[in-house]
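A.B. asks: The structure's right below; bear with me while I get my questions together.
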Number of protein chains: 2
Amino acid sequence: MTEVERTLDNKSVRPTAMRILIYKFMASKNTAVALTDIENAFEKAERTTLYRTLKTFEEKGIVHQIDDGTNISKFALCQPGCNCEIDQDLHLHFHCSHCDKTVCLTEHKIPHINLPHGYIAEDANLVIKGVCDSCSAH
Amino acid sequence: MTEVERTLDNKSVRPTAMRILIYKFMASKNTAVALTDIENAFEKAERTTLYRTLKTFEEKGIVHQIDDGTNISKFALCQPGCNCEIDQDLHLHFHCSHCDKTVCLTEHKIPHINLPHGYIAEDANLVIKGVCDSCSAH
DNA sequence: GAGACCATGCAACAGAAGTGCATTTAATGG
DNA sequence: CCATTAAATGCACTTCTGTTGCATGGTCTC
């Protein structure tokens, strides 16, 4: 049993060949990936399988879904300190308008916001758009 | 020339009948509206016209587009203090998971975030999800 | 090995976003 | 006031993402 297989198994996800490939692909990237990204990476991939795999991963806390404002759902592996299951302490995401990549800034948490009377916060999403470090270096 | 016509004219948008209707519709709502909302409100409305009208409004700074995480673009009239053209001082949005409405919290600004080295912020989007005041009252 | 359960593949649909082109409407100049 | 021009609208159509239903295949358990 490999490292990846153990990870999936720990999260009660049966480590099939396809799932291991998807997991490894996401682990190899340091950016959030869209379903289409994975589809393009593997010729033999079936959209539906990828779709359901990502859903399963999300339900089991292996990845978290990211809405970066492009209206295309992206996904990233949960890191230690990701805390995406807990409603507090959510990290923010950065979307580069130059290379169109989205990254998790796991260290950077969303500050607490005081809401008007009657409003109850349950979740928060903060996306900063701009130029990422790779793009600003060139 | 009515108040609405003057407003559009000031922003260099020709005040056609359709545009005035759309503007008034949005002004009558205190929530952000999706293209489909407007389409349903006016039987005679053409999707394309609405689509392009909203784009024009956005370009001319009459409305701002809101991405509330539902993957459906919403729009709201810019208010005094909206400042959506300036990159600083952006207000946040609240999406109610109960009534599915999205509102601008114009008074509530997005706090400044320190980004890692090399990252340049140009825009920011903060959406709080939860229960709005109307829904929490019931 | 049989049965059950889960994963995968295939087909199809829904909804939103976006584009091209023809036609109507409104503004402008003579 | 009419003709010209430019902008706005309407219609048809395409693309892309997300989603579901159903049949098939693989895997695990008893």
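In the structure tokens, each chain is lettered A, B, ... as it comes, each chain's residues begin at 1, and ligands are numbered from 1 in order of appearance.
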Can you provide chain A as a tab-separated table (two decimals) with N, CA and C atoms, in the first residue's frame, superposed onto chain B by least squares across all C-alpha atoms matched in order?
C.D. replies:
```tsv
chain	number	residue	atom	x	y	z
A	1	MET	N	-37.49	65.20	-18.84
A	1	MET	CA	-36.50	64.18	-18.48
A	1	MET	C	-36.66	63.78	-17.00
A	2	THR	N	-36.85	62.50	-16.79
A	2	THR	CA	-37.06	62.04	-15.42
A	2	THR	C	-35.74	61.88	-14.69
A	3	GLU	N	-35.86	61.55	-13.42
A	3	GLU	CA	-34.70	61.32	-12.57
A	3	GLU	C	-33.80	60.22	-13.14
A	4	VAL	N	-34.46	59.09	-13.49
A	4	VAL	CA	-33.72	57.94	-14.00
A	4	VAL	C	-33.03	58.29	-15.32
A	5	GLU	N	-33.75	58.96	-16.20
A	5	GLU	CA	-33.17	59.35	-17.48
A	5	GLU	C	-31.93	60.22	-17.28
A	6	ARG	N	-32.03	61.11	-16.31
A	6	ARG	CA	-30.90	61.99	-16.06
A	6	ARG	C	-29.70	61.18	-15.55
A	7	THR	N	-30.00	60.20	-14.69
A	7	THR	CA	-28.92	59.36	-14.14
A	7	THR	C	-28.18	58.64	-15.25
A	8	LEU	N	-28.95	58.03	-16.14
A	8	LEU	CA	-28.34	57.29	-17.25
A	8	LEU	C	-27.55	58.24	-18.14
A	9	ASP	N	-28.18	59.38	-18.43
A	9	ASP	CA	-27.55	60.34	-19.30
A	9	ASP	C	-26.23	60.83	-18.73
A	10	ASN	N	-26.21	61.03	-17.43
A	10	ASN	CA	-24.98	61.48	-16.77
A	10	ASN	C	-23.84	60.48	-16.94
A	11	LYS	N	-24.21	59.22	-17.09
A	11	LYS	CA	-23.20	58.18	-17.23
A	11	LYS	C	-22.96	57.84	-18.70
A	12	SER	N	-23.43	58.68	-19.58
A	12	SER	CA	-23.26	58.49	-21.02
A	12	SER	C	-23.93	57.21	-21.53
A	13	VAL	N	-25.08	56.90	-20.95
A	13	VAL	CA	-25.85	55.76	-21.43
A	13	VAL	C	-27.17	56.27	-21.97
A	14	ARG	N	-27.43	55.99	-23.22
A	14	ARG	CA	-28.65	56.50	-23.84
A	14	ARG	C	-29.86	55.90	-23.13
A	15	PRO	N	-30.74	56.75	-22.64
A	15	PRO	CA	-31.85	56.25	-21.82
A	15	PRO	C	-33.01	55.73	-22.67
A	16	THR	N	-32.86	54.51	-23.14
A	16	THR	CA	-33.95	53.90	-23.91
A	16	THR	C	-35.00	53.34	-22.96
A	17	ALA	N	-36.15	53.00	-23.53
A	17	ALA	CA	-37.27	52.51	-22.74
A	17	ALA	C	-36.86	51.28	-21.92
A	18	MET	N	-36.22	50.34	-22.60
A	18	MET	CA	-35.81	49.10	-21.94
A	18	MET	C	-34.83	49.36	-20.80
A	19	ARG	N	-33.88	50.22	-21.05
A	19	ARG	CA	-32.87	50.50	-20.03
A	19	ARG	C	-33.48	51.16	-18.81
A	20	ILE	N	-34.44	52.04	-19.06
A	20	ILE	CA	-35.11	52.70	-17.93
A	20	ILE	C	-35.88	51.68	-17.10
A	21	LEU	N	-36.54	50.74	-17.79
A	21	LEU	CA	-37.27	49.70	-17.08
A	21	LEU	C	-36.33	48.85	-16.22
A	22	ILE	N	-35.22	48.47	-16.83
A	22	ILE	CA	-34.25	47.64	-16.10
A	22	ILE	C	-33.71	48.39	-14.89
A	23	TYR	N	-33.38	49.64	-15.12
A	23	TYR	CA	-32.85	50.44	-14.02
A	23	TYR	C	-33.86	50.55	-12.87
A	24	LYS	N	-35.11	50.83	-13.24
A	24	LYS	CA	-36.15	50.96	-12.22
A	24	LYS	C	-36.38	49.64	-11.48
A	25	PHE	N	-36.32	48.57	-12.23
A	25	PHE	CA	-36.50	47.25	-11.60
A	25	PHE	C	-35.41	47.01	-10.56
A	26	MET	N	-34.18	47.30	-10.93
A	26	MET	CA	-33.07	47.08	-10.01
A	26	MET	C	-33.16	48.02	-8.82
A	27	ALA	N	-33.61	49.25	-9.08
A	27	ALA	CA	-33.73	50.22	-7.99
A	27	ALA	C	-34.82	49.80	-7.01
A	28	SER	N	-35.82	49.08	-7.52
A	28	SER	CA	-36.94	48.68	-6.65
A	28	SER	C	-36.56	47.52	-5.74
A	29	LYS	N	-35.48	46.86	-6.08
A	29	LYS	CA	-35.02	45.73	-5.28
A	29	LYS	C	-33.89	46.19	-4.36
A	30	ASN	N	-33.87	45.62	-3.17
A	30	ASN	CA	-32.73	45.93	-2.31
A	30	ASN	C	-31.73	44.78	-2.30
A	31	THR	N	-31.92	43.87	-3.24
A	31	THR	CA	-30.98	42.76	-3.36
A	31	THR	C	-30.36	42.77	-4.76
A	32	ALA	N	-29.26	42.05	-4.88
A	32	ALA	CA	-28.63	41.90	-6.19
A	32	ALA	C	-29.50	41.01	-7.06
A	33	VAL	N	-29.54	41.28	-8.34
A	33	VAL	CA	-30.40	40.50	-9.24
A	33	VAL	C	-29.57	39.79	-10.30
A	34	ALA	N	-30.04	38.60	-10.65
A	34	ALA	CA	-29.42	37.86	-11.74
A	34	ALA	C	-30.13	38.21	-13.04
A	35	LEU	N	-29.47	37.92	-14.12
A	35	LEU	CA	-30.05	38.17	-15.43
A	35	LEU	C	-31.41	37.48	-15.55
A	36	THR	N	-31.48	36.27	-15.06
A	36	THR	CA	-32.72	35.50	-15.13
A	36	THR	C	-33.84	36.15	-14.33
A	37	ASP	N	-33.48	36.80	-13.22
A	37	ASP	CA	-34.48	37.49	-12.42
A	37	ASP	C	-35.18	38.56	-13.25
A	38	ILE	N	-34.38	39.33	-13.97
A	38	ILE	CA	-34.96	40.39	-14.80
A	38	ILE	C	-35.78	39.78	-15.93
A	39	GLU	N	-35.24	38.72	-16.49
A	39	GLU	CA	-35.92	38.06	-17.60
A	39	GLU	C	-37.31	37.60	-17.16
A	40	ASN	N	-37.40	37.07	-15.96
A	40	ASN	CA	-38.68	36.59	-15.47
A	40	ASN	C	-39.63	37.73	-15.11
A	41	ALA	N	-39.05	38.86	-14.76
A	41	ALA	CA	-39.87	39.99	-14.33
A	41	ALA	C	-40.58	40.63	-15.52
A	42	PHE	N	-39.93	40.60	-16.66
A	42	PHE	CA	-40.54	41.18	-17.86
A	42	PHE	C	-40.75	40.10	-18.91
A	43	GLU	N	-41.98	39.84	-19.20
A	43	GLU	CA	-42.31	38.79	-20.17
A	43	GLU	C	-41.66	39.06	-21.53
A	44	LYS	N	-41.65	40.31	-21.90
A	44	LYS	CA	-41.20	40.66	-23.24
A	44	LYS	C	-39.69	40.83	-23.34
A	45	ALA	N	-38.99	40.52	-22.29
A	45	ALA	CA	-37.56	40.82	-22.29
A	45	ALA	C	-36.77	39.79	-23.09
A	46	GLU	N	-35.80	40.25	-23.75
A	46	GLU	CA	-34.91	39.39	-24.52
A	46	GLU	C	-33.60	39.21	-23.75
A	47	ARG	N	-33.22	37.95	-23.53
A	47	ARG	CA	-32.02	37.65	-22.75
A	47	ARG	C	-30.81	38.45	-23.20
A	48	THR	N	-30.62	38.48	-24.52
A	48	THR	CA	-29.45	39.16	-25.06
A	48	THR	C	-29.45	40.65	-24.74
A	49	THR	N	-30.60	41.25	-24.87
A	49	THR	CA	-30.70	42.67	-24.58
A	49	THR	C	-30.36	42.93	-23.12
A	50	LEU	N	-30.91	42.12	-22.26
A	50	LEU	CA	-30.63	42.27	-20.83
A	50	LEU	C	-29.14	42.09	-20.57
A	51	TYR	N	-28.60	41.05	-21.17
A	51	TYR	CA	-27.18	40.75	-21.01
A	51	TYR	C	-26.32	41.95	-21.39
A	52	ARG	N	-26.63	42.50	-22.57
A	52	ARG	CA	-25.81	43.62	-23.05
A	52	ARG	C	-26.09	44.89	-22.26
A	53	THR	N	-27.30	45.05	-21.85
A	53	THR	CA	-27.64	46.22	-21.05
A	53	THR	C	-26.85	46.21	-19.74
A	54	LEU	N	-26.82	45.03	-19.10
A	54	LEU	CA	-26.08	44.93	-17.84
A	54	LEU	C	-24.59	45.17	-18.06
A	55	LYS	N	-24.08	44.67	-19.18
A	55	LYS	CA	-22.67	44.90	-19.49
A	55	LYS	C	-22.39	46.38	-19.68
A	56	THR	N	-23.27	47.03	-20.40
A	56	THR	CA	-23.12	48.47	-20.61
A	56	THR	C	-23.18	49.21	-19.29
A	57	PHE	N	-24.17	48.86	-18.49
A	57	PHE	CA	-24.32	49.48	-17.16
A	57	PHE	C	-23.05	49.30	-16.34
A	58	GLU	N	-22.48	48.11	-16.44
A	58	GLU	CA	-21.29	47.84	-15.64
A	58	GLU	C	-20.10	48.67	-16.12
A	59	GLU	N	-19.94	48.73	-17.44
A	59	GLU	CA	-18.83	49.49	-18.01
A	59	GLU	C	-18.93	50.97	-17.64
A	60	LYS	N	-20.14	51.46	-17.58
A	60	LYS	CA	-20.34	52.88	-17.30
A	60	LYS	C	-20.45	53.17	-15.82
A	61	GLY	N	-20.28	52.15	-15.00
A	61	GLY	CA	-20.27	52.38	-13.55
A	61	GLY	C	-21.64	52.58	-12.95
A	62	ILE	N	-22.67	52.06	-13.60
A	62	ILE	CA	-24.02	52.19	-13.06
A	62	ILE	C	-24.34	51.03	-12.13
A	63	VAL	N	-23.85	49.84	-12.49
A	63	VAL	CA	-24.02	48.67	-11.63
A	63	VAL	C	-22.65	48.02	-11.41
A	64	HIS	N	-22.57	47.15	-10.42
A	64	HIS	CA	-21.38	46.32	-10.30
A	64	HIS	C	-21.80	44.87	-10.25
A	65	GLN	N	-20.95	44.04	-10.81
A	65	GLN	CA	-21.23	42.62	-10.87
A	65	GLN	C	-20.80	41.97	-9.57
A	66	ILE	N	-21.59	41.00	-9.13
A	66	ILE	CA	-21.30	40.34	-7.86
A	66	ILE	C	-21.20	38.84	-8.08
A	67	ASP	N	-20.15	38.28	-7.59
A	67	ASP	CA	-19.99	36.83	-7.62
A	67	ASP	C	-20.20	36.32	-6.21
A	68	ASP	N	-21.36	35.75	-5.97
A	68	ASP	CA	-21.72	35.36	-4.61
A	68	ASP	C	-21.49	33.88	-4.33
A	69	GLY	N	-20.81	33.21	-5.23
A	69	GLY	CA	-20.48	31.81	-4.98
A	69	GLY	C	-21.52	30.84	-5.49
A	70	THR	N	-22.60	31.36	-6.07
A	70	THR	CA	-23.62	30.47	-6.63
A	70	THR	C	-23.32	30.14	-8.09
A	71	ASN	N	-22.23	30.70	-8.59
A	71	ASN	CA	-21.89	30.55	-10.00
A	71	ASN	C	-22.92	31.18	-10.93
A	72	ILE	N	-23.69	32.09	-10.38
A	72	ILE	CA	-24.60	32.88	-11.21
A	72	ILE	C	-24.28	34.34	-10.95
A	73	SER	N	-23.93	35.06	-12.00
A	73	SER	CA	-23.57	36.46	-11.84
A	73	SER	C	-24.76	37.28	-11.42
A	74	LYS	N	-24.55	38.10	-10.43
A	74	LYS	CA	-25.61	38.99	-9.99
A	74	LYS	C	-25.14	40.43	-10.16
A	75	PHE	N	-26.10	41.34	-10.17
A	75	PHE	CA	-25.78	42.74	-10.37
A	75	PHE	C	-26.54	43.60	-9.38
A	76	ALA	N	-25.91	44.68	-8.98
A	76	ALA	CA	-26.58	45.62	-8.09
A	76	ALA	C	-26.21	47.04	-8.49
A	77	LEU	N	-27.14	47.95	-8.33
A	77	LEU	CA	-26.86	49.35	-8.62
A	77	LEU	C	-25.76	49.84	-7.69
A	78	CYS	N	-24.88	50.63	-8.24
A	78	CYS	CA	-23.84	51.21	-7.41
A	78	CYS	C	-24.44	52.31	-6.53
A	79	GLN	N	-24.09	52.27	-5.28
A	79	GLN	CA	-24.57	53.25	-4.32
A	79	GLN	C	-23.45	54.24	-4.02
A	80	PRO	N	-23.81	55.39	-3.46
A	80	PRO	CA	-22.75	56.28	-2.97
A	80	PRO	C	-21.90	55.51	-1.95
A	81	GLY	N	-20.61	55.55	-2.11
A	81	GLY	CA	-19.74	54.80	-1.22
A	81	GLY	C	-19.46	53.40	-1.71
A	82	CYS	N	-19.98	53.10	-2.87
A	82	CYS	CA	-19.80	51.77	-3.46
A	82	CYS	C	-18.34	51.59	-3.88
A	83	ASN	N	-17.80	52.61	-4.52
A	83	ASN	CA	-16.37	52.65	-4.85
A	83	ASN	C	-15.89	51.43	-5.65
A	84	CYS	N	-16.75	50.89	-6.47
A	84	CYS	CA	-16.36	49.66	-7.13
A	84	CYS	C	-15.39	49.91	-8.27
A	85	GLU	N	-15.19	51.16	-8.63
A	85	GLU	CA	-14.22	51.43	-9.69
A	85	GLU	C	-12.81	51.54	-9.12
A	86	ILE	N	-12.76	51.90	-7.87
A	86	ILE	CA	-11.45	52.02	-7.23
A	86	ILE	C	-11.10	50.67	-6.62
A	87	ASP	N	-9.85	50.29	-6.69
A	87	ASP	CA	-9.48	48.96	-6.22
A	87	ASP	C	-9.43	48.88	-4.70
A	88	GLN	N	-9.36	50.02	-4.07
A	88	GLN	CA	-9.34	50.02	-2.62
A	88	GLN	C	-10.75	50.06	-2.10
A	89	ASP	N	-10.89	49.76	-0.83
A	89	ASP	CA	-12.10	50.10	-0.13
A	89	ASP	C	-13.33	49.37	-0.66
A	90	LEU	N	-13.13	48.12	-1.07
A	90	LEU	CA	-14.25	47.37	-1.61
A	90	LEU	C	-15.17	46.89	-0.51
A	91	HIS	N	-16.44	46.97	-0.79
A	91	HIS	CA	-17.41	46.50	0.20
A	91	HIS	C	-17.63	45.00	0.01
A	92	LEU	N	-18.28	44.40	0.99
A	92	LEU	CA	-18.50	42.96	0.91
A	92	LEU	C	-19.96	42.65	0.63
A	93	HIS	N	-20.22	41.40	0.35
A	93	HIS	CA	-21.57	40.96	0.01
A	93	HIS	C	-21.99	39.81	0.91
A	94	PHE	N	-23.29	39.75	1.11
A	94	PHE	CA	-23.83	38.70	1.96
A	94	PHE	C	-24.82	37.87	1.15
A	95	HIS	N	-24.61	36.57	1.20
A	95	HIS	CA	-25.51	35.67	0.48
A	95	HIS	C	-26.28	34.83	1.48
A	96	CYS	N	-27.61	34.92	1.43
A	96	CYS	CA	-28.44	34.16	2.36
A	96	CYS	C	-28.70	32.77	1.80
A	97	SER	N	-28.32	31.78	2.58
A	97	SER	CA	-28.49	30.41	2.11
A	97	SER	C	-29.95	29.96	2.26
A	98	HIS	N	-30.73	30.79	2.93
A	98	HIS	CA	-32.13	30.43	3.14
A	98	HIS	C	-33.02	30.94	2.01
A	99	CYS	N	-32.97	32.24	1.76
A	99	CYS	CA	-33.82	32.81	0.71
A	99	CYS	C	-33.04	32.99	-0.59
A	100	ASP	N	-31.77	32.67	-0.57
A	100	ASP	CA	-30.92	32.71	-1.77
A	100	ASP	C	-30.70	34.12	-2.29
A	101	LYS	N	-30.97	35.11	-1.46
A	101	LYS	CA	-30.77	36.49	-1.91
A	101	LYS	C	-29.37	36.99	-1.55
A	102	THR	N	-28.89	37.90	-2.36
A	102	THR	CA	-27.57	38.48	-2.12
A	102	THR	C	-27.71	39.98	-1.96
A	103	VAL	N	-27.11	40.50	-0.93
A	103	VAL	CA	-27.21	41.94	-0.69
A	103	VAL	C	-25.82	42.56	-0.56
A	104	CYS	N	-25.74	43.83	-0.89
A	104	CYS	CA	-24.51	44.57	-0.69
A	104	CYS	C	-24.48	45.11	0.73
A	105	LEU	N	-23.38	44.93	1.40
A	105	LEU	CA	-23.19	45.58	2.69
A	105	LEU	C	-22.20	46.72	2.46
A	106	THR	N	-22.75	47.77	1.90
A	106	THR	CA	-21.91	48.87	1.42
A	106	THR	C	-21.07	49.48	2.52
A	107	GLU	N	-21.61	49.46	3.72
A	107	GLU	CA	-20.89	50.06	4.84
A	107	GLU	C	-19.69	49.21	5.28
A	108	HIS	N	-19.75	47.93	4.95
A	108	HIS	CA	-18.72	47.03	5.45
A	108	HIS	C	-17.64	46.81	4.40
A	109	LYS	N	-16.45	47.24	4.72
A	109	LYS	CA	-15.35	47.15	3.76
A	109	LYS	C	-14.52	45.90	4.02
A	110	ILE	N	-13.85	45.45	2.98
A	110	ILE	CA	-12.95	44.32	3.12
A	110	ILE	C	-11.67	44.79	3.81
A	111	PRO	N	-11.30	44.13	4.91
A	111	PRO	CA	-10.10	44.55	5.63
A	111	PRO	C	-8.85	44.33	4.77
A	112	HIS	N	-7.83	45.08	5.04
A	112	HIS	CA	-6.58	44.90	4.31
A	112	HIS	C	-5.93	43.57	4.71
A	113	ILE	N	-5.40	42.88	3.72
A	113	ILE	CA	-4.77	41.58	3.95
A	113	ILE	C	-3.30	41.66	3.56
A	114	ASN	N	-2.45	41.16	4.43
A	114	ASN	CA	-1.03	41.08	4.08
A	114	ASN	C	-0.77	39.78	3.33
A	115	LEU	N	-0.29	39.92	2.12
A	115	LEU	CA	-0.04	38.74	1.29
A	115	LEU	C	1.41	38.30	1.39
A	116	PRO	N	1.67	37.03	1.03
A	116	PRO	CA	3.06	36.56	1.01
A	116	PRO	C	3.88	37.36	-0.01
A	117	HIS	N	5.19	37.28	0.14
A	117	HIS	CA	6.10	38.00	-0.74
A	117	HIS	C	5.87	37.62	-2.20
A	118	GLY	N	5.79	38.59	-3.06
A	118	GLY	CA	5.65	38.34	-4.48
A	118	GLY	C	4.22	38.45	-4.98
A	119	TYR	N	3.28	38.37	-4.07
A	119	TYR	CA	1.87	38.45	-4.47
A	119	TYR	C	1.42	39.91	-4.51
A	120	ILE	N	0.79	40.28	-5.63
A	120	ILE	CA	0.32	41.65	-5.77
A	120	ILE	C	-1.20	41.66	-5.88
A	121	ALA	N	-1.86	42.28	-4.94
A	121	ALA	CA	-3.32	42.33	-4.95
A	121	ALA	C	-3.83	43.43	-5.86
A	122	GLU	N	-4.83	43.10	-6.64
A	122	GLU	CA	-5.43	44.10	-7.53
A	122	GLU	C	-6.91	44.25	-7.26
A	123	ASP	N	-7.49	43.19	-6.74
A	123	ASP	CA	-8.93	43.20	-6.52
A	123	ASP	C	-9.23	42.19	-5.43
A	124	ALA	N	-10.40	42.33	-4.81
A	124	ALA	CA	-10.75	41.39	-3.76
A	124	ALA	C	-12.25	41.17	-3.76
A	125	ASN	N	-12.63	39.99	-3.35
A	125	ASN	CA	-14.05	39.64	-3.29
A	125	ASN	C	-14.32	38.85	-2.02
A	126	LEU	N	-15.16	39.42	-1.18
A	126	LEU	CA	-15.49	38.74	0.07
A	126	LEU	C	-16.99	38.54	0.15
A	127	VAL	N	-17.37	37.29	0.26
A	127	VAL	CA	-18.80	36.96	0.40
A	127	VAL	C	-19.00	36.20	1.69
A	128	ILE	N	-19.88	36.72	2.52
A	128	ILE	CA	-20.27	36.00	3.74
A	128	ILE	C	-21.57	35.27	3.45
A	129	LYS	N	-21.58	34.00	3.79
A	129	LYS	CA	-22.81	33.23	3.61
A	129	LYS	C	-23.44	32.93	4.96
A	130	GLY	N	-24.75	32.91	5.00
A	130	GLY	CA	-25.42	32.61	6.24
A	130	GLY	C	-26.90	32.91	6.12
A	131	VAL	N	-27.46	33.47	7.18
A	131	VAL	CA	-28.89	33.78	7.19
A	131	VAL	C	-29.05	35.29	7.30
A	132	CYS	N	-29.85	35.85	6.42
A	132	CYS	CA	-30.02	37.30	6.40
A	132	CYS	C	-31.00	37.75	7.47
A	133	ASP	N	-31.14	39.05	7.63
A	133	ASP	CA	-31.97	39.58	8.71
A	133	ASP	C	-33.44	39.19	8.57
A	134	SER	N	-33.95	39.23	7.35
A	134	SER	CA	-35.36	38.84	7.16
A	134	SER	C	-35.59	37.40	7.55
A	135	CYS	N	-34.69	36.54	7.11
A	135	CYS	CA	-34.87	35.10	7.36
A	135	CYS	C	-34.65	34.74	8.83
A	136	SER	N	-33.72	35.41	9.48
A	136	SER	CA	-33.43	35.07	10.87
A	136	SER	C	-34.55	35.56	11.78
A	137	ALA	N	-35.37	36.49	11.28
A	137	ALA	CA	-36.47	37.03	12.08
A	137	ALA	C	-37.65	36.08	12.13
A	138	HIS	N	-37.74	35.19	11.19
A	138	HIS	CA	-38.88	34.28	11.12
A	138	HIS	C	-38.61	32.95	11.80
```
A.B. asks: Name the residues in contact with C:DC13 at a cut-off of 12 Å, using only C-alpha atoms (C1' of nucleotides), excluding same-chain residues fewer than 3 positions from it; report them as a VMD selection string.
C.D. replies: chain D and resid 18 to 21
A.B. asks: Counting only C-alpha atoms (C1' of nucleotides), a student should be able to say which residues of chain C come within 9 Å of chain A; what is the right answer, written as a tab-separated table (two decimals) with all heavy atoms, in the first residue's frame?
C.D. replies:
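The resulting file, part21.tsv, is reproduced below:
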```
chain	number	residue	atom	x	y	z
C	7	DA	P	-17.26	4.11	-4.40
C	7	DA	OP1	-16.11	4.56	-3.61
C	7	DA	OP2	-18.51	4.91	-4.45
C	7	DA	O5'	-16.76	3.86	-5.90
C	7	DA	C5'	-15.72	2.92	-6.12
C	7	DA	C4'	-15.45	2.76	-7.60
C	7	DA	O4'	-16.57	2.07	-8.22
C	7	DA	C3'	-15.27	4.07	-8.37
C	7	DA	O3'	-14.14	3.92	-9.21
C	7	DA	C2'	-16.57	4.22	-9.17
C	7	DA	C1'	-17.00	2.77	-9.37
C	7	DA	N9	-18.44	2.55	-9.46
C	7	DA	C8	-19.39	2.97	-8.56
C	7	DA	N7	-20.61	2.61	-8.89
C	7	DA	C5	-20.44	1.92	-10.08
C	7	DA	C6	-21.38	1.29	-10.93
C	7	DA	N6	-22.69	1.23	-10.70
C	7	DA	N1	-20.89	0.69	-12.05
C	7	DA	C2	-19.56	0.73	-12.28
C	7	DA	N3	-18.60	1.30	-11.55
C	7	DA	C4	-19.12	1.88	-10.44
C	8	DT	P	-13.64	5.15	-10.09
C	8	DT	OP1	-12.18	5.02	-10.26
C	8	DT	OP2	-14.23	6.37	-9.55
C	8	DT	O5'	-14.32	4.82	-11.48
C	8	DT	C5'	-14.00	3.59	-12.12
C	8	DT	C4'	-14.84	3.41	-13.37
C	8	DT	O4'	-16.23	3.28	-13.00
C	8	DT	C3'	-14.78	4.57	-14.37
C	8	DT	O3'	-14.21	4.07	-15.56
C	8	DT	C2'	-16.24	5.00	-14.54
C	8	DT	C1'	-17.00	3.78	-14.07
C	8	DT	N1	-18.36	4.03	-13.53
C	8	DT	C2	-19.44	3.46	-14.17
C	8	DT	O2	-19.34	2.77	-15.17
C	8	DT	N3	-20.66	3.72	-13.59
C	8	DT	C4	-20.90	4.48	-12.46
C	8	DT	O4	-22.04	4.64	-12.03
C	8	DT	C5	-19.73	5.05	-11.84
C	8	DT	C7	-19.87	5.90	-10.61
C	8	DT	C6	-18.53	4.80	-12.40
C	9	DG	P	-13.83	5.05	-16.75
C	9	DG	OP1	-12.63	4.52	-17.42
C	9	DG	OP2	-13.84	6.43	-16.23
C	9	DG	O5'	-15.07	4.86	-17.73
C	9	DG	C5'	-15.40	3.55	-18.17
C	9	DG	C4'	-16.63	3.59	-19.05
C	9	DG	O4'	-17.82	3.78	-18.24
C	9	DG	C3'	-16.65	4.72	-20.09
C	9	DG	O3'	-17.04	4.16	-21.34
C	9	DG	C2'	-17.70	5.70	-19.55
C	9	DG	C1'	-18.64	4.78	-18.78
C	9	DG	N9	-19.32	5.39	-17.64
C	9	DG	C8	-18.76	6.12	-16.64
C	9	DG	N7	-19.61	6.51	-15.73
C	9	DG	C5	-20.83	6.02	-16.17
C	9	DG	C6	-22.13	6.12	-15.61
C	9	DG	O6	-22.47	6.69	-14.57
C	9	DG	N1	-23.08	5.46	-16.38
C	9	DG	C2	-22.82	4.79	-17.55
C	9	DG	N2	-23.86	4.21	-18.16
C	9	DG	N3	-21.61	4.68	-18.09
C	9	DG	C4	-20.66	5.32	-17.35
```
A.B. asks: Output as a compact mmCIF listing (two decimals) with N, CA and C atoms (P, O5', C5', C4', C3', O3' and C1' of nucleotides), in the first residue's frame the set of chain D residues within 9 Å of chain B, with distances taken over only C-alpha atoms (C1' of nucleotides).
C.D. replies:
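Saved as selection.txt:
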```txt
# COMPACT_ATOMS: atom_id res chain seq x y z
P DA D 8 -25.93 52.09 -27.53
O5' DA D 8 -27.32 51.32 -27.72
C5' DA D 8 -28.51 52.09 -27.82
C4' DA D 8 -29.67 51.19 -28.19
C3' DA D 8 -29.82 49.96 -27.29
O3' DA D 8 -31.19 49.86 -26.91
C1' DA D 8 -29.74 49.31 -29.58
P DT D 9 -31.63 48.73 -25.88
O5' DT D 9 -32.24 47.63 -26.87
C5' DT D 9 -33.33 48.01 -27.71
C4' DT D 9 -33.63 46.91 -28.69
C3' DT D 9 -33.94 45.55 -28.08
O3' DT D 9 -35.29 45.23 -28.38
C1' DT D 9 -32.54 45.36 -29.98
P DG D 10 -35.99 43.94 -27.74
O5' DG D 10 -35.84 42.88 -28.92
C5' DG D 10 -36.35 43.22 -30.19
C4' DG D 10 -36.12 42.09 -31.17
C3' DG D 10 -36.42 40.69 -30.60
O3' DG D 10 -37.16 39.97 -31.58
C1' DG D 10 -34.20 40.76 -31.46
```
A.B. asks: Have a look at atom C1' of C:DA17 and atom C1' of D:DA7 and let me know their distance in Å, one decimal.
C.D. replies: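 Separation between atom C1' of C:DA17 and atom C1' of D:DA7: 22.7 Å.
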A.B. asks: Taking the DSSP assignment computed from this structure's backbone, write out as a ChimeraX atom specification all residues of chain B that belong to strand (DSSP E or B).
C.D. replies: /B:33-34,63-67,73-77,91-96,102-109,120-131
A.B. asks: Could you please write out, as a ChimeraX atom specification, every residue of stretch 4-130 of chain A that DSSP assigns to alpha helix (DSSP H)?
C.D. replies: /A:4-10,17-28,35-41,47-59
A.B. asks: I'd like to know which of C:DA16, C:DC21, C:DA26, C:DA11 is closest to D:DA23, using only C-alpha atoms (C1' of nucleotides).
C.D. replies: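 Closest to D:DA23 of all the choices is C:DA11.
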A.B. asks: One decimal, in Å: what's the spacing between atom C1' of D:DC13 and atom C1' of C:DA12?
C.D. replies: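 Spanning atom C1' of D:DC13 to atom C1' of C:DA12 is a straight-line distance of 19.3 Å.
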A.B. asks: For a test of reading the model, state the distance in Å between atom C1' of C:DT19 and atom C1' of D:DT5, rounded to one decimal.
C.D. replies: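 A separation of 23.6 Å between them.
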